[in-house]
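Trainee: My structure is stored as run-v6.tsv, with TSV, C-alpha atoms and all ligand atoms.
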chain	number	residue	atom	x	y	z
A	157	MET	CA	0.00	0.00	0.00
A	158	LYS	CA	1.26	3.48	-0.83
A	159	GLN	CA	2.27	5.50	2.22
A	160	TYR	CA	2.34	9.29	2.30
A	161	GLN	CA	4.28	11.36	4.80
A	162	ILE	CA	2.40	14.54	5.61
A	163	VAL	CA	3.62	17.33	7.85
A	164	LEU	CA	0.96	19.10	9.90
A	165	LEU	CA	1.69	22.73	10.79
A	166	LYS	CA	-1.22	23.33	13.11
A	167	GLY	CA	-0.14	26.87	13.98
A	168	ASP	CA	-2.15	29.20	16.17
A	169	GLY	CA	-5.73	30.11	17.11
A	170	ILE	CA	-8.20	27.75	15.47
A	171	GLY	CA	-5.32	26.13	13.52
A	172	PRO	CA	-4.99	23.01	15.71
A	173	GLU	CA	-8.76	22.31	15.69
A	174	ILE	CA	-9.24	22.59	11.95
A	175	VAL	CA	-6.06	20.74	10.99
A	176	THR	CA	-6.99	17.88	13.32
A	177	GLN	CA	-10.30	17.44	11.49
A	178	ALA	CA	-8.69	17.66	8.05
A	179	ALA	CA	-6.06	15.08	9.05
A	180	LEU	CA	-8.81	12.68	10.15
A	181	VAL	CA	-10.52	13.17	6.78
A	182	LEU	CA	-7.24	12.39	4.97
A	183	LYS	CA	-6.81	9.26	7.07
A	184	LYS	CA	-10.33	8.11	6.28
A	185	ALA	CA	-9.87	8.85	2.58
A	186	GLY	CA	-6.75	6.68	2.66
A	187	GLU	CA	-8.66	3.78	4.21
A	188	LYS	CA	-11.33	4.08	1.57
A	189	PHE	CA	-9.05	4.51	-1.45
A	190	GLY	CA	-6.16	2.29	-0.44
A	191	PHE	CA	-3.30	4.45	0.75
A	192	GLY	CA	-1.75	5.17	4.11
A	193	VAL	CA	-1.22	8.64	5.55
A	194	ASN	CA	1.41	9.19	8.23
A	195	PHE	CA	1.44	12.50	10.03
A	196	GLU	CA	4.25	14.36	11.66
A	197	GLU	CA	3.71	17.68	13.43
A	198	ALA	CA	6.04	20.65	13.24
A	199	LEU	CA	6.00	24.12	14.76
A	200	LEU	CA	5.19	27.35	12.92
A	201	GLY	CA	4.10	30.84	13.92
A	202	GLY	CA	3.22	31.98	17.42
A	203	SER	CA	3.26	28.50	18.91
A	204	ALA	CA	6.80	28.08	17.53
A	205	ILE	CA	7.80	31.41	19.08
A	206	ASP	CA	6.51	30.20	22.45
A	207	ALA	CA	8.10	26.75	22.23
A	208	ALA	CA	11.31	27.40	20.33
A	209	GLY	CA	11.86	31.17	20.34
A	210	THR	CA	11.48	31.57	16.57
A	211	PRO	CA	8.43	31.57	14.22
A	212	LEU	CA	10.18	29.14	11.85
A	213	PRO	CA	12.48	26.58	13.50
A	214	ALA	CA	15.03	24.98	11.12
A	215	GLU	CA	13.58	21.60	12.02
A	216	THR	CA	10.23	22.60	10.54
A	217	VAL	CA	11.81	23.40	7.17
A	218	GLU	CA	13.69	20.08	7.18
A	219	LYS	CA	10.56	18.09	7.99
A	220	CYS	CA	8.56	19.81	5.24
A	221	LYS	CA	11.33	19.27	2.69
A	222	ALA	CA	11.40	15.55	3.48
A	223	ALA	CA	7.61	15.10	3.36
A	224	ASP	CA	5.25	14.33	0.48
A	225	SER	CA	3.22	17.40	1.37
A	226	THR	CA	2.36	19.85	4.14
A	227	LEU	CA	-0.97	20.90	5.61
A	228	LEU	CA	-1.07	24.22	7.46
A	229	GLY	CA	-3.75	25.69	9.72
A	230	ALA	CA	-3.14	29.39	10.34
A	231	VAL	CA	-0.69	31.54	12.23
A	232	GLY	CA	-0.85	34.70	14.31
A	233	GLY	CA	-2.78	36.18	17.20
A	234	PRO	CA	-2.94	39.22	19.50
A	235	LYS	CA	-0.41	37.65	21.86
A	236	TRP	CA	2.40	38.19	19.32
A	237	ASP	CA	1.16	41.40	17.68
A	238	SER	CA	3.65	43.68	19.37
A	239	LEU	CA	6.75	41.75	18.28
A	240	PRO	CA	9.02	43.34	15.66
A	241	GLY	CA	8.40	42.35	12.01
A	242	GLU	CA	10.93	39.56	11.61
A	243	LYS	CA	9.90	37.93	14.90
A	244	ARG	CA	6.16	37.86	14.26
A	245	PRO	CA	4.26	34.63	13.49
A	246	GLU	CA	3.65	35.90	9.93
A	247	ALA	CA	7.42	35.91	9.34
A	248	GLY	CA	7.28	32.16	9.86
A	249	LEU	CA	4.66	31.81	7.15
A	250	LEU	CA	6.60	33.96	4.67
A	251	GLY	CA	9.76	32.09	5.65
A	252	ILE	CA	8.35	28.63	4.98
A	253	ARG	CA	6.93	29.72	1.60
A	254	SER	CA	10.33	31.04	0.65
A	255	ALA	CA	12.38	28.15	2.12
A	256	LEU	CA	10.29	25.61	0.21
A	257	GLY	CA	10.40	27.69	-3.00
A	258	LEU	CA	6.59	27.86	-3.19
A	259	TYR	CA	6.30	30.62	-5.75
A	260	ALA	CA	2.76	29.94	-6.94
A	261	ASN	CA	-0.28	30.36	-4.73
A	262	LEU	CA	-3.56	29.08	-6.13
A	263	ARG	CA	-6.65	30.52	-4.49
A	264	PRO	CA	-9.97	29.40	-5.90
A	265	SER	CA	-13.06	31.44	-5.07
A	266	MET	CA	-16.33	29.77	-5.77
A	267	ILE	CA	-19.86	29.87	-4.56
A	268	PHE	CA	-21.21	26.64	-3.17
A	269	PRO	CA	-24.79	26.33	-4.43
A	270	GLN	CA	-25.97	25.59	-0.88
A	271	LEU	CA	-24.39	28.82	0.38
A	272	ARG	CA	-25.48	31.11	-2.41
A	273	SER	CA	-27.42	33.42	-0.16
A	274	ALA	CA	-24.23	34.09	1.82
A	275	SER	CA	-22.77	36.22	-0.97
A	276	PRO	CA	-23.18	39.94	-0.34
A	277	LEU	CA	-23.68	40.45	-4.09
A	278	ARG	CA	-27.13	40.49	-5.67
A	279	ASP	CA	-28.41	37.46	-7.57
A	280	SER	CA	-28.40	39.46	-10.79
A	281	VAL	CA	-24.64	40.01	-10.38
A	282	ILE	CA	-23.79	36.49	-9.26
A	283	GLY	CA	-25.95	34.84	-11.92
A	284	ASP	CA	-25.34	31.12	-12.02
A	285	GLY	CA	-22.27	31.27	-9.86
A	286	LEU	CA	-18.75	32.48	-9.40
A	287	ASN	CA	-15.64	30.48	-10.04
A	288	VAL	CA	-12.43	32.49	-10.10
A	289	MET	CA	-8.95	31.14	-9.57
A	290	ILE	CA	-6.37	33.64	-8.36
A	291	VAL	CA	-2.79	32.66	-9.13
A	292	ARG	CA	-0.70	34.78	-6.79
A	293	GLU	CA	3.09	35.07	-7.04
A	294	LEU	CA	4.24	34.09	-3.56
A	295	THR	CA	7.98	34.40	-3.05
A	296	GLY	CA	8.87	37.73	-4.62
A	297	GLY	CA	7.78	41.32	-4.96
A	298	ILE	CA	7.39	43.78	-2.13
A	299	TYR	CA	7.00	41.04	0.48
A	300	PHE	CA	10.60	40.01	-0.03
A	301	GLY	CA	12.19	43.18	-1.45
A	302	GLU	CA	14.70	45.44	0.18
A	303	ARG	CA	13.18	47.27	3.13
A	304	GLY	CA	14.36	49.49	5.89
A	305	ARG	CA	14.28	52.73	7.78
A	306	LYS	CA	16.25	55.88	7.21
A	307	THR	CA	16.20	59.55	7.90
A	308	VAL	CA	14.84	61.85	5.22
A	309	ASP	CA	15.09	65.60	5.77
A	310	GLY	CA	15.59	64.95	9.45
A	311	ALA	CA	12.45	62.82	9.74
A	312	GLU	CA	12.14	59.09	10.20
A	313	ALA	CA	11.13	57.26	7.01
A	314	ALA	CA	10.53	53.64	6.02
A	315	TYR	CA	10.59	51.91	2.66
A	316	ASP	CA	9.74	48.60	0.99
A	317	THR	CA	10.62	47.80	-2.59
A	318	GLU	CA	8.75	45.93	-5.29
A	319	MET	CA	11.09	44.10	-7.66
A	320	TYR	CA	10.46	41.27	-10.09
A	321	SER	CA	12.98	39.58	-12.34
A	322	VAL	CA	12.05	38.17	-15.74
A	323	PRO	CA	12.48	34.52	-14.64
A	324	GLU	CA	10.23	35.13	-11.62
A	325	ILE	CA	7.52	36.55	-13.88
A	326	GLU	CA	7.97	33.84	-16.51
A	327	ARG	CA	7.44	30.97	-14.12
A	328	ILE	CA	4.33	32.44	-12.50
A	329	ALA	CA	3.02	33.33	-15.97
A	330	ARG	CA	3.35	29.67	-16.96
A	331	VAL	CA	1.40	28.57	-13.89
A	332	GLY	CA	-1.28	31.10	-14.81
A	333	PHE	CA	-1.52	29.97	-18.43
A	334	GLU	CA	-1.44	26.26	-17.54
A	335	THR	CA	-4.15	26.78	-14.92
A	336	ALA	CA	-6.31	28.66	-17.42
A	337	ARG	CA	-5.71	25.96	-20.02
A	338	GLY	CA	-7.13	23.39	-17.59
A	339	ARG	CA	-10.24	25.52	-16.92
A	340	GLY	CA	-12.06	28.19	-18.92
A	341	LYS	CA	-9.03	29.21	-21.05
A	342	LYS	CA	-9.14	32.87	-19.99
A	343	LEU	CA	-6.28	34.53	-18.15
A	344	CYS	CA	-6.39	38.06	-16.80
A	345	SER	CA	-3.05	39.47	-15.72
A	346	VAL	CA	-3.35	42.19	-13.07
A	347	ASP	CA	-0.74	44.89	-12.52
A	348	LYS	CA	-0.29	48.63	-12.12
A	349	ALA	CA	1.63	49.19	-15.34
A	350	ASN	CA	0.37	52.76	-15.66
A	351	VAL	CA	2.54	53.67	-12.67
A	352	LEU	CA	5.02	50.96	-11.68
A	353	GLU	CA	8.12	49.96	-13.63
A	354	SER	CA	7.99	46.44	-12.17
A	355	SER	CA	4.45	46.15	-13.54
A	356	ARG	CA	5.59	47.22	-17.00
A	357	LEU	CA	8.15	44.41	-17.04
A	358	TRP	CA	5.43	42.09	-15.68
A	359	ARG	CA	3.05	42.98	-18.50
A	360	THR	CA	5.52	42.56	-21.38
A	361	THR	CA	6.83	39.29	-19.95
A	362	ILE	CA	3.33	37.86	-19.53
A	363	ALA	CA	2.51	38.86	-23.11
A	364	ARG	CA	5.64	37.14	-24.42
A	365	ILE	CA	4.91	33.89	-22.53
A	366	GLY	CA	1.33	34.17	-23.76
A	367	LYS	CA	2.52	33.50	-27.30
A	368	GLU	CA	3.22	29.93	-26.14
A	369	TYR	CA	-0.45	29.60	-25.21
A	370	PRO	CA	-2.48	30.67	-28.25
A	371	ASP	CA	-5.45	28.70	-26.93
A	372	VAL	CA	-5.67	30.90	-23.82
A	373	GLU	CA	-7.26	34.34	-24.14
A	374	LEU	CA	-5.07	36.87	-22.33
A	375	SER	CA	-6.30	40.19	-20.97
A	376	ASN	CA	-4.72	42.81	-18.70
A	377	LEU	CA	-6.26	44.94	-15.98
A	378	TYR	CA	-4.88	47.53	-13.62
A	379	VAL	CA	-5.32	46.39	-10.07
A	380	ASP	CA	-7.67	49.22	-9.10
A	381	ASN	CA	-9.92	48.42	-12.03
A	382	CYS	CA	-9.74	44.71	-11.26
A	383	SER	CA	-10.87	45.23	-7.68
A	384	MET	CA	-13.84	47.15	-9.03
A	385	GLN	CA	-14.63	44.58	-11.76
A	386	LEU	CA	-14.60	41.80	-9.18
A	387	VAL	CA	-17.67	43.22	-7.50
A	388	ARG	CA	-19.24	44.69	-10.65
A	389	ASP	CA	-19.17	41.50	-12.70
A	390	PRO	CA	-17.19	38.66	-11.11
A	391	LYS	CA	-18.38	36.17	-13.72
A	392	GLN	CA	-16.10	37.75	-16.33
A	393	PHE	CA	-13.08	36.15	-14.64
A	394	ASP	CA	-11.68	32.68	-15.05
A	395	VAL	CA	-8.04	32.81	-13.90
A	396	ILE	CA	-6.27	35.91	-12.57
A	397	VAL	CA	-2.48	36.00	-12.36
A	398	THR	CA	-0.87	38.71	-10.29
A	399	SER	CA	1.94	39.77	-7.99
A	400	ASN	CA	2.35	38.83	-4.36
A	401	MET	CA	0.74	41.91	-2.80
A	402	PHE	CA	-1.99	42.44	-5.38
A	403	GLY	CA	-2.84	38.74	-5.05
A	404	ASP	CA	-3.03	39.05	-1.29
A	405	ILE	CA	-5.55	41.87	-1.54
A	406	LEU	CA	-7.62	40.59	-4.46
A	407	SER	CA	-7.93	37.10	-3.00
A	408	ASP	CA	-9.47	38.50	0.17
A	409	GLU	CA	-11.92	40.45	-1.95
A	410	ALA	CA	-12.76	37.42	-4.09
A	411	SER	CA	-13.26	35.27	-1.01
A	412	MET	CA	-15.74	37.75	0.42
A	413	ILE	CA	-17.75	37.65	-2.79
A	414	SER	CA	-18.25	33.95	-2.20
A	415	GLY	CA	-19.65	34.94	1.19
A	416	SER	CA	-17.94	32.18	3.03
A	417	ILE	CA	-14.25	32.72	3.63
A	418	GLY	CA	-14.47	29.76	6.00
A	419	MET	CA	-14.91	27.54	2.95
A	420	LEU	CA	-11.99	28.50	0.75
A	421	PRO	CA	-8.84	26.39	0.36
A	422	SER	CA	-5.48	27.25	-1.17
A	423	ALA	CA	-2.41	25.55	-2.55
A	424	SER	CA	1.14	26.88	-2.61
A	425	LEU	CA	3.32	25.14	-5.13
A	426	GLY	CA	6.91	25.24	-6.29
A	427	SER	CA	8.95	23.29	-8.75
A	428	GLY	CA	8.56	20.02	-6.83
A	429	LYS	CA	5.32	18.18	-6.21
A	430	ALA	CA	5.12	18.51	-2.44
A	431	GLY	CA	3.41	21.85	-1.94
A	432	LEU	CA	1.80	23.42	1.09
A	433	TYR	CA	-1.94	23.57	1.56
A	434	GLU	CA	-3.83	25.92	3.82
A	435	PRO	CA	-7.21	27.58	4.24
A	436	VAL	CA	-7.47	31.15	2.94
A	437	HIS	CA	-8.83	32.38	6.28
A	438	GLY	CA	-6.71	33.27	9.29
A	439	SER	CA	-6.30	31.99	12.84
A	440	ALA	CA	-9.55	33.58	14.15
A	441	PRO	CA	-8.29	34.02	17.71
A	442	ASP	CA	-11.73	35.30	18.77
A	443	ILE	CA	-13.28	31.84	18.39
A	444	ALA	CA	-10.22	29.68	19.09
A	445	GLY	CA	-10.95	27.05	21.69
A	446	THR	CA	-14.73	27.41	21.45
A	447	GLY	CA	-14.97	24.37	19.18
A	448	MET	CA	-17.00	26.43	16.71
A	449	ALA	CA	-14.44	26.89	13.92
A	450	ASN	CA	-15.33	25.79	10.42
A	451	PRO	CA	-12.89	23.07	9.30
A	452	LEU	CA	-14.17	22.89	5.72
A	453	ALA	CA	-11.60	25.21	4.12
A	454	THR	CA	-8.84	23.06	5.60
A	455	ILE	CA	-10.61	19.86	4.56
A	456	LEU	CA	-10.94	21.27	1.03
A	457	SER	CA	-7.24	22.21	1.16
A	458	ALA	CA	-6.53	18.57	1.98
A	459	ALA	CA	-8.58	17.63	-1.09
A	460	MET	CA	-6.41	19.95	-3.21
A	461	MET	CA	-3.37	18.20	-1.75
A	462	LEU	CA	-4.78	14.80	-2.68
A	463	ARG	CA	-5.26	15.95	-6.23
A	464	SER	CA	-2.22	18.14	-6.92
A	465	SER	CA	0.54	16.65	-4.76
A	466	LEU	CA	-0.43	13.04	-4.15
A	467	GLY	CA	-2.19	12.30	-7.43
A	468	GLU	CA	-5.14	10.74	-5.57
A	469	THR	CA	-7.80	12.23	-7.82
A	470	GLU	CA	-10.61	9.90	-6.84
A	471	ALA	CA	-10.05	10.53	-3.15
A	472	ALA	CA	-9.94	14.28	-3.80
A	473	GLU	CA	-13.29	14.17	-5.55
A	474	ALA	CA	-14.78	12.04	-2.79
A	475	VAL	CA	-13.72	14.56	-0.15
A	476	GLU	CA	-15.17	17.46	-2.15
A	477	ASN	CA	-18.43	15.60	-2.66
A	478	ALA	CA	-18.60	14.71	1.03
A	479	VAL	CA	-18.16	18.39	1.94
A	480	SER	CA	-20.92	19.34	-0.47
A	481	LYS	CA	-23.27	16.71	1.00
A	482	ALA	CA	-22.41	17.64	4.58
A	483	LEU	CA	-23.45	21.25	3.87
A	484	GLU	CA	-26.99	20.09	3.21
A	485	THR	CA	-27.51	19.00	6.80
A	486	VAL	CA	-24.92	20.48	9.13
A	487	ARG	CA	-23.30	23.92	9.34
A	488	THR	CA	-20.84	25.66	11.62
A	489	PRO	CA	-22.10	29.03	12.96
A	490	ASP	CA	-20.29	31.10	10.29
A	491	ILE	CA	-22.40	29.56	7.52
A	492	TRP	CA	-25.44	28.43	9.45
A	493	THR	CA	-28.93	29.04	8.07
A	494	GLU	CA	-32.41	28.02	9.24
A	495	GLY	CA	-33.21	24.42	8.37
A	496	THR	CA	-29.75	23.02	9.01
A	497	LYS	CA	-28.23	21.75	12.24
A	498	LYS	CA	-25.71	24.04	13.90
A	499	VAL	CA	-22.60	22.04	14.75
A	500	GLY	CA	-19.04	22.59	15.91
A	501	CYS	CA	-15.72	21.83	14.29
A	502	GLU	CA	-15.53	18.22	15.39
A	503	GLU	CA	-19.04	17.24	14.36
A	504	MET	CA	-18.55	18.92	11.00
A	505	GLY	CA	-15.36	16.90	10.47
A	506	GLU	CA	-17.04	13.68	11.57
A	507	THR	CA	-19.95	14.29	9.22
A	508	VAL	CA	-17.57	14.69	6.27
A	509	GLN	CA	-15.72	11.52	7.29
A	510	GLY	CA	-18.99	9.64	7.52
A	511	LEU	CA	-19.97	10.68	4.00
A	512	LEU	CA	-16.71	9.49	2.42
B	601	LIG	C1	-2.29	35.48	3.30
B	601	LIG	C2	-2.00	36.27	4.54
B	601	LIG	C3	-0.48	36.41	4.68
B	601	LIG	C4	0.03	37.14	3.47
B	601	LIG	C5	-0.05	37.10	5.97
B	601	LIG	C6	-0.59	36.41	7.20
B	601	LIG	C7	1.45	37.22	6.06
B	601	LIG	O1	-2.63	37.49	4.50
B	601	LIG	O2	-1.83	34.32	3.20
B	601	LIG	O3	-3.00	35.98	2.44
B	601	LIG	O4	-0.04	38.37	3.41
B	601	LIG	O5	0.51	36.47	2.55
B	602	MG	MG	-3.97	37.72	2.88
What would the structure in this file look like if it were written as structure tokens?
Mentor:
Amino acid sequence: MKQYQIVLLKGDGIGPEIVTQAALVLKKAGEKFGFGVNFEEALLGGSAIDAAGTPLPAETVEKCKAADSTLLGAVGGPKWDSLPGEKRPEAGLLGIRSALGLYANLRPSMIFPQLRSASPLRDSVIGDGLNVMIVRELTGGIYFGERGRKTVDGAEAAYDTEMYSVPEIERIARVGFETARGRGKKLCSVDKANVLESSRLWRTTIARIGKEYPDVELSNLYVDNCSMQLVRDPKQFDVIVTSNMFGDILSDEASMISGSIGMLPSASLGSGKAGLYEPVHGSAPDIAGTGMANPLATILSAAMMLRSSLGETEAAEAVENAVSKALETVRTPDIWTEGTKKVGCEEMGETVQGLL
């Protein structure tokens, strides 16, 4: 029987609760579809700061590098908010993305038919659904550029720099085009080429790579226009490819359109197959420990892992179908509506397992 080694980075806040449920779902999927899943935990974020004095212990990177894939909960919380930048839990998250070379972040935003009323957009705007995939560059740009403080005209100043090299743009462009090729064959590249030099290089590089993909329709939007188009007519989008920071912002916007950020998974991929999978939402410290967190985004992230890193397509589909069926009867408070049973994290996870 095939055996997979999976690292669990439970992280902070609701992280441990949701990852535990997703791991149980993976285990159950293995029993059903004939593979074994072995878990190993490693520290990341605030819990790593508390236990090991750093948000990203070297041991965590080694474990992830050796594993078939990694499942992450979420990091951060008020307890660590006053730490300096490089010591914060978020530095651990950026560090692991970079250390594992995970330059492509895939963030799907879709409306589950059962949760349609959760979208803040009118029916006439949503139409028969929303299904956008944001491909966000994840290891470059302003997140990793030169930064610092200096004195300007006697006053304190701070700066961060946005820089992209041609190879960095080329490889994320290819992920964008390949992703579009496997879906609706439309790619929208988002930049701020009317102002930023890095965006101008981005745009010409994307266009050049686009010649290799004549079957994919390429368009370009400025990021301000894109953020407006996303709420004006989200159905126009298939795949969006964009820089690290623009992708961060637009993926939050797109997730809100779906109305249920607690449902959205994500995959971070590099040149290898392993990848790191995590929910789009954060550590929700306000509900941590109440048992009321929604584990479905993490469970759906595990499904993405089954498909993209482990090649267990059937199991991936089964998990997605089980989530869809579970939604018909049980809901966590964030997505609860009259006529369904309000349940906590554990019961939601158990329901999904039972439907596999
Ligand atoms: C995300 C988050 C992170 C990011 C933070 C927590 C560093 O917002 O994954 O979208 O900005 O990348
Ligand atoms: Mg974000």
Trainee: Name all residues at most 12 Å from A:Thr454 (count all atoms listed in the file; drop same-chain ones fewer than 4 positions away) and give them as a PyMOL selection string.
Mentor: chain A and resi 164-166+170-182+226-230+417-423+432-439+449-450+458-461+475-476+479+501+504-505
Trainee: Give me, as a Markdown table, each residue of chain A that comes within 10 Å of ligand LIG 601 (chain B), together with its shortest interatomic pair and the distance in Å at one decimal, counting all atoms listed in the file, with rows ordered by chain and rising residue number.
Mentor:
| residue | atom | partner | partner_atom | distance |
| --- | --- | --- | --- | --- |
| A:Gly201 | CA | B:LIG601 | C6 | 9.9 |
| A:Ala230 | CA | B:LIG601 | C6 | 8.1 |
| A:Val231 | CA | B:LIG601 | C6 | 7.0 |
| A:Gly232 | CA | B:LIG601 | C6 | 7.3 |
| A:Arg244 | CA | B:LIG601 | C7 | 9.5 |
| A:Pro245 | CA | B:LIG601 | C6 | 8.1 |
| A:Glu246 | CA | B:LIG601 | C7 | 4.6 |
| A:Ala247 | CA | B:LIG601 | C7 | 6.9 |
| A:Gly248 | CA | B:LIG601 | C7 | 8.6 |
| A:Leu249 | CA | B:LIG601 | C7 | 6.4 |
| A:Leu250 | CA | B:LIG601 | C7 | 6.3 |
| A:Gly251 | CA | B:LIG601 | C7 | 9.8 |
| A:Arg253 | CA | B:LIG601 | O5 | 9.4 |
| A:Asn261 | CA | B:LIG601 | O2 | 9.0 |
| A:Arg263 | CA | B:LIG601 | O3 | 9.5 |
| A:Arg292 | CA | B:LIG601 | O5 | 9.6 |
| A:Leu294 | CA | B:LIG601 | O5 | 7.5 |
| A:Thr295 | CA | B:LIG601 | O5 | 9.6 |
| A:Tyr299 | CA | B:LIG601 | O4 | 8.1 |
| A:Asn400 | CA | B:LIG601 | O5 | 7.5 |
| A:Met401 | CA | B:LIG601 | O4 | 7.2 |
| A:Phe402 | CA | B:LIG601 | O4 | 9.9 |
| A:Gly403 | CA | B:LIG601 | O3 | 8.0 |
| A:Asp404 | CA | B:LIG601 | O3 | 4.8 |
| A:Ile405 | CA | B:LIG601 | O3 | 7.6 |
| A:Leu406 | CA | B:LIG601 | O3 | 9.5 |
| A:Ser407 | CA | B:LIG601 | O3 | 7.4 |
| A:Asp408 | CA | B:LIG601 | O3 | 7.3 |
| A:Ser422 | CA | B:LIG601 | O2 | 9.1 |
| A:Ser424 | CA | B:LIG601 | O2 | 9.9 |
| A:Glu434 | CA | B:LIG601 | O2 | 8.7 |
| A:Pro435 | CA | B:LIG601 | O2 | 8.7 |
| A:Val436 | CA | B:LIG601 | O2 | 6.5 |
| A:His437 | CA | B:LIG601 | C1 | 7.8 |
| A:Gly438 | CA | B:LIG601 | C6 | 7.2 |
| A:Ser439 | CA | B:LIG601 | C6 | 9.2 |
Trainee: For atom CA of A:Pro213 and atom CA of A:Lys183, determine how far apart the two atoms are, in Å to one decimal place.
Mentor: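 We find that atom CA of A:Pro213 and atom CA of A:Lys183 lie 26.7 Å from each other.
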Trainee: At a cut-off of 12 Å around the point (-9.0, 40.7, -21.0) (file coordinates), what residues fall inside when counting all atoms listed in the file? I'd like the answer as a list of chain:residue names.
Mentor: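 Residues lying no farther than 12 Å from the given point: A:Lys341, A:Lys342, A:Leu343, A:Cys344, A:Ser345, A:Val346, A:Ala363, A:Val372, A:Glu373, A:Leu374, A:Ser375, A:Asn376, A:Leu377, A:Tyr378, A:Asn381, A:Cys382, A:Gln385, A:Gln392, A:Phe393, A:Asp394, A:Val395, A:Ile396, A:Val397.
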Trainee: How many Å separate atom CA of A:Pro489 from atom CA of A:Pro264?
Mentor: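 Straight-line distance from atom CA of A:Pro489 to atom CA of A:Pro264 works out to 22.4 Å.
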Trainee: By how many Å are atom CA of A:Trp492 and atom CA of A:Gln509 apart?
Mentor: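 Interatomic distance, atom CA of A:Trp492 to atom CA of A:Gln509: 19.6 Å.
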Trainee: Let me make sure I understand: among A:Pro240, A:Gly495, A:Gly296, A:Pro451, which one has the smallest atom-to-atom distance to A:Ala260 if we use all atoms listed in the file?
Mentor: A:Gly296
Trainee: Which neighbours of A:Ala274 fall inside 12 Å, counting all atoms listed in the file, when residues of the same chain fewer than 5 positions from it are skipped, and could you give them as number ranges by chain?
Mentor: A: 266-269, 279, 282, 411-419, 490-493
Trainee: Could you turn the residues from that selection into a file that holds C-alpha atoms, as a PDB file, keeping the file's coordinate frame?
Mentor:
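Everything below was put into again_4.pdb:
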ATOM      1  CA  MET A 266     -16.330  29.770  -5.770  1.00  0.00           C
ATOM      2  CA  ILE A 267     -19.860  29.870  -4.560  1.00  0.00           C
ATOM      3  CA  PHE A 268     -21.210  26.640  -3.170  1.00  0.00           C
ATOM      4  CA  PRO A 269     -24.790  26.330  -4.430  1.00  0.00           C
ATOM      5  CA  ASP A 279     -28.410  37.460  -7.570  1.00  0.00           C
ATOM      6  CA  ILE A 282     -23.790  36.490  -9.260  1.00  0.00           C
ATOM      7  CA  SER A 411     -13.260  35.270  -1.010  1.00  0.00           C
ATOM      8  CA  MET A 412     -15.740  37.750   0.420  1.00  0.00           C
ATOM      9  CA  ILE A 413     -17.750  37.650  -2.790  1.00  0.00           C
ATOM     10  CA  SER A 414     -18.250  33.950  -2.200  1.00  0.00           C
ATOM     11  CA  GLY A 415     -19.650  34.940   1.190  1.00  0.00           C
ATOM     12  CA  SER A 416     -17.940  32.180   3.030  1.00  0.00           C
ATOM     13  CA  ILE A 417     -14.250  32.720   3.630  1.00  0.00           C
ATOM     14  CA  GLY A 418     -14.470  29.760   6.000  1.00  0.00           C
ATOM     15  CA  MET A 419     -14.910  27.540   2.950  1.00  0.00           C
ATOM     16  CA  ASP A 490     -20.290  31.100  10.290  1.00  0.00           C
ATOM     17  CA  ILE A 491     -22.400  29.560   7.520  1.00  0.00           C
ATOM     18  CA  TRP A 492     -25.440  28.430   9.450  1.00  0.00           C
ATOM     19  CA  THR A 493     -28.930  29.040   8.070  1.00  0.00           C
TER      20      THR A 493
END
Trainee: Skip A:Val217 itself and residues of its chain fewer than 5 positions away, then list as a list in words all residues within 10 Å of it, counting all atoms listed in the file.
Mentor: Ala198, Leu199, Leu200, Leu212, Ala222, Gly251, Ile252, Arg253, Ala255 and Leu256 of chain A
Trainee: Give me the residues near A:Ser383 as JSON, numbers by chain, where near means some atom within 8 Å (using all atoms listed in the file) and where sequence neighbours in that chain fewer than 4 positions away do not count.
Mentor: {"A": [379, 387, 406, 409]}
Trainee: Could you tell me which of A:Ala208, A:Thr446, A:Asp224, A:Ala410 comes closest to ligand MG 602 (chain B) if we count only C-alpha atoms and all ligand atoms?
Mentor: A:Ala410
Trainee: I need the residue nearest A:Thr496 from this list: A:Val163, A:Leu271, A:Ala207, A:Cys220. Use all atoms listed in the file for the distance.
Mentor: A:Leu271
Trainee: Which residue out of A:Ala472, A:Phe333, A:Leu483, A:Leu456 has the minimum interatomic distance to A:Gly186 when all atoms listed in the file are used?
Mentor: A:Ala472
Trainee: To test the calculation: enclose all listed atoms of stretch 162-180 of chain A in a box whose edges run along x, y and z, add 3 Å on each side, then state centre and edge lengths in Å to one decimal, as lines of an AutoDock Vina configuration file.
Mentor:
center_x = -3.3
center_y = 21.4
center_z = 11.4
size_x = 19.9
size_y = 23.4
size_z = 17.5
Trainee: Env of A:Ser465: 7 Å cut, atoms = all atoms listed in the file, seq-sep filter 3 positions within chain, self excluded. Answer as a PDB file with C-alpha atoms, in the coordinates of the input.
Mentor:
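Result file is out-v2.pdb:
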ATOM      1  CA  SER A 225       3.220  17.400   1.370  1.00  0.00           C
ATOM      2  CA  LYS A 429       5.320  18.180  -6.210  1.00  0.00           C
ATOM      3  CA  ALA A 430       5.120  18.510  -2.440  1.00  0.00           C
ATOM      4  CA  GLY A 431       3.410  21.850  -1.940  1.00  0.00           C
ATOM      5  CA  MET A 461      -3.370  18.200  -1.750  1.00  0.00           C
ATOM      6  CA  LEU A 462      -4.780  14.800  -2.680  1.00  0.00           C
TER       7      LEU A 462
END
Trainee: Looking at A:Glu196, A:Glu324, A:Thr488, A:Met448, which one is nearest to A:Glu218, with distances taken over all atoms listed in the file?
Mentor: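 Nearest to A:Glu218: A:Glu196.
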